[in-house]
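Colleague: Have a look at this one before I ask anything.
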Amino acid sequence: MLDKLLACACCGELTKSICSKEVRITETWRRTLKAKLVWLDHIPVFLRDQYDISVILGKKYMSLAKVPLEHRGVVVDSRRTLVLRLCIECIRSLRSNTTKKPPWKAIANGFAFGHLPKEFDDLSYAEERMATISPLSFSLLAVWGRYGGVLNSHMVARLSSTGCAI
């Protein structure tokens, strides 16, 4: 199932293809990304480099240097032009003219943890959960009433406070 999920270039969230859109990078998009996706000052350089497309894909893509993007959401098409895969929430926020802020869950907001070393590529779900710093469990409940009323609720539980197992 995970191979059918696609990563958003802005926030790194895995989404189904129907919940994301591919955007060809034009000059307008380039300006928007450079204006809205700006790193917070406290993010260390080694972490910034893990999300810098010019470092990952090469100097040809210097036009997006220092723009925090998840490389799994960046596609280079047959014409060697960049295409970004963005989730609906990020694309809506980036297109909005009402705010200059990045989308709330964007990597630029400090939601960057870096990537695991290649040795961890084949971890099972259980091994990954054991190695996380603070595993979370998220449940969503929606109850539909008789006359079209909806009761929405959610719960986030921190499963362990012991820290990393490795």
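Letters for chains follow the order of the structure tokens (A, B, ...), residue numbers begin at 1 for each chain, and ligand numbers begin at 1 in the order shown.
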Mind checking which residues fall within 9 Å of Ile88 of chain A, counting only C-alpha atoms, ignoring those fewer than 4 positions away in the same chain, and posting them as an mmCIF file with N, CA and C atoms, in the first residue's frame?
Modeller:
data_model
loop_
_atom_site.group_PDB
_atom_site.id
_atom_site.type_symbol
_atom_site.label_atom_id
_atom_site.label_comp_id
_atom_site.auth_asym_id
_atom_site.auth_seq_id
_atom_site.Cartn_x
_atom_site.Cartn_y
_atom_site.Cartn_z
ATOM 1 N N CYS A 19 -5.460 12.885 -3.966
ATOM 2 C CA CYS A 19 -5.386 13.981 -2.991
ATOM 3 C C CYS A 19 -4.193 14.890 -3.238
ATOM 4 N N SER A 20 -3.561 14.772 -4.402
ATOM 5 C CA SER A 20 -2.424 15.625 -4.720
ATOM 6 C C SER A 20 -2.490 16.039 -6.180
ATOM 7 N N LYS A 21 -1.679 17.028 -6.519
ATOM 8 C CA LYS A 21 -1.661 17.527 -7.885
ATOM 9 C C LYS A 21 -0.222 17.803 -8.277
ATOM 10 N N ARG A 92 -3.389 24.790 -2.046
ATOM 11 C CA ARG A 92 -4.377 25.834 -1.743
ATOM 12 C C ARG A 92 -3.733 26.981 -0.972
ATOM 13 N N SER A 93 -2.899 26.652 0.004
ATOM 14 C CA SER A 93 -2.233 27.673 0.802
ATOM 15 C C SER A 93 -1.208 28.460 -0.023
#
Colleague: Considering only C-alpha atoms, return as a list in words whatever protein or nucleic-acid residues lie within 8 Å of segment 37-48 of chain A, sequence-local ones (same chain, fewer than 4 positions apart) excluded.
Modeller: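 The neighbour list is Leu33, Asp52, Lys66, Val67, Pro68, Lys101, Pro102, Ala106, Ala108, Asn109, Gly110, Ala112, Phe113 and Gly114 of chain A.
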Colleague: Report as a list in words all protein, DNA and RNA residues lying within 10 Å of Val75 of chain A, evaluated on only C-alpha atoms, omitting residues in the same chain fewer than 6 positions from it.
Modeller: Ala9, Glu22, Val23, Arg24, Thr81, Leu82, Val83, Leu84 and Arg85 of chain A
Colleague: Take the residues that were just selected and, keeping C-alpha atoms, output them as a short mmCIF file (atom, residue, chain, number, x, y, z; two decimals), in the first residue's frame.
Modeller:
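Saved file part_15.cif follows:
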data_model
loop_
_atom_site.label_atom_id
_atom_site.label_comp_id
_atom_site.auth_asym_id
_atom_site.auth_seq_id
_atom_site.Cartn_x
_atom_site.Cartn_y
_atom_site.Cartn_z
CA ALA A 9 7.05 18.36 -2.01
CA GLU A 22 1.45 17.85 -10.02
CA VAL A 23 2.54 21.42 -10.73
CA ARG A 24 5.07 22.33 -13.42
CA THR A 81 11.88 20.44 -16.11
CA LEU A 82 10.84 20.28 -12.48
CA VAL A 83 7.39 19.14 -11.51
CA LEU A 84 6.29 19.32 -7.89
CA ARG A 85 3.74 16.96 -6.42
#
Colleague: Counting only C-alpha atoms, which residue out of A:Trp104, A:Thr26, A:Thr99, A:Pro117 sits closest to Gln50 of chain A?
Modeller: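 Looking at the shortest contact to Gln50 of chain A, the residue is A:Pro117.
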Colleague: Check the smallest atom-to-atom distance from each of A:Lys118, A:Ser54, A:Tyr61, A:Cys11 to Cys90 of chain A using only C-alpha atoms, then report the winner.
Modeller: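 Smallest separation from Cys90 of chain A among the options: A:Cys11.
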Colleague: How many Å lie between atom CA of Leu116 of chain A and atom CA of Ile18 of chain A, rounded to one decimal?
Modeller: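 Taking atom CA of Leu116 of chain A and atom CA of Ile18 of chain A, their separation equals 27.4 Å.
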Colleague: Residues at most 9 Å from Thr32 of chain A, counting only C-alpha atoms, excluding those fewer than 5 positions away in the same chain, as number ranges by chain?
Modeller: A: 27, 37, 94-95
Colleague: Next, the residues of the selection above should be written as a PDB file, in the first residue's frame with N, CA and C atoms.
Modeller:
ATOM      1  N   GLU A  27       7.887  30.443 -13.822  1.00  0.00           N
ATOM      2  CA  GLU A  27       8.512  31.560 -13.114  1.00  0.00           C
ATOM      3  C   GLU A  27       7.610  32.061 -11.988  1.00  0.00           C
ATOM      4  N   LEU A  37       8.122  29.813   1.104  1.00  0.00           N
ATOM      5  CA  LEU A  37       8.828  28.711   1.756  1.00  0.00           C
ATOM      6  C   LEU A  37      10.230  29.163   2.147  1.00  0.00           C
ATOM      7  N   LEU A  94      -0.456  27.764  -0.867  1.00  0.00           N
ATOM      8  CA  LEU A  94       0.544  28.440  -1.688  1.00  0.00           C
ATOM      9  C   LEU A  94      -0.097  29.373  -2.717  1.00  0.00           C
ATOM     10  N   ARG A  95      -1.263  29.001  -3.221  1.00  0.00           N
ATOM     11  CA  ARG A  95      -1.964  29.846  -4.200  1.00  0.00           C
ATOM     12  C   ARG A  95      -2.666  31.034  -3.557  1.00  0.00           C
TER      13      ARG A  95
END
Colleague: Please give the complete set of residues from segment 94-132 of chain A that DSSP, run on the backbone, assigns to alpha helix (DSSP H), formatted as JSON, numbers by chain.
Modeller: {"A": [94, 95, 125, 126, 127, 128, 129, 130, 131]}
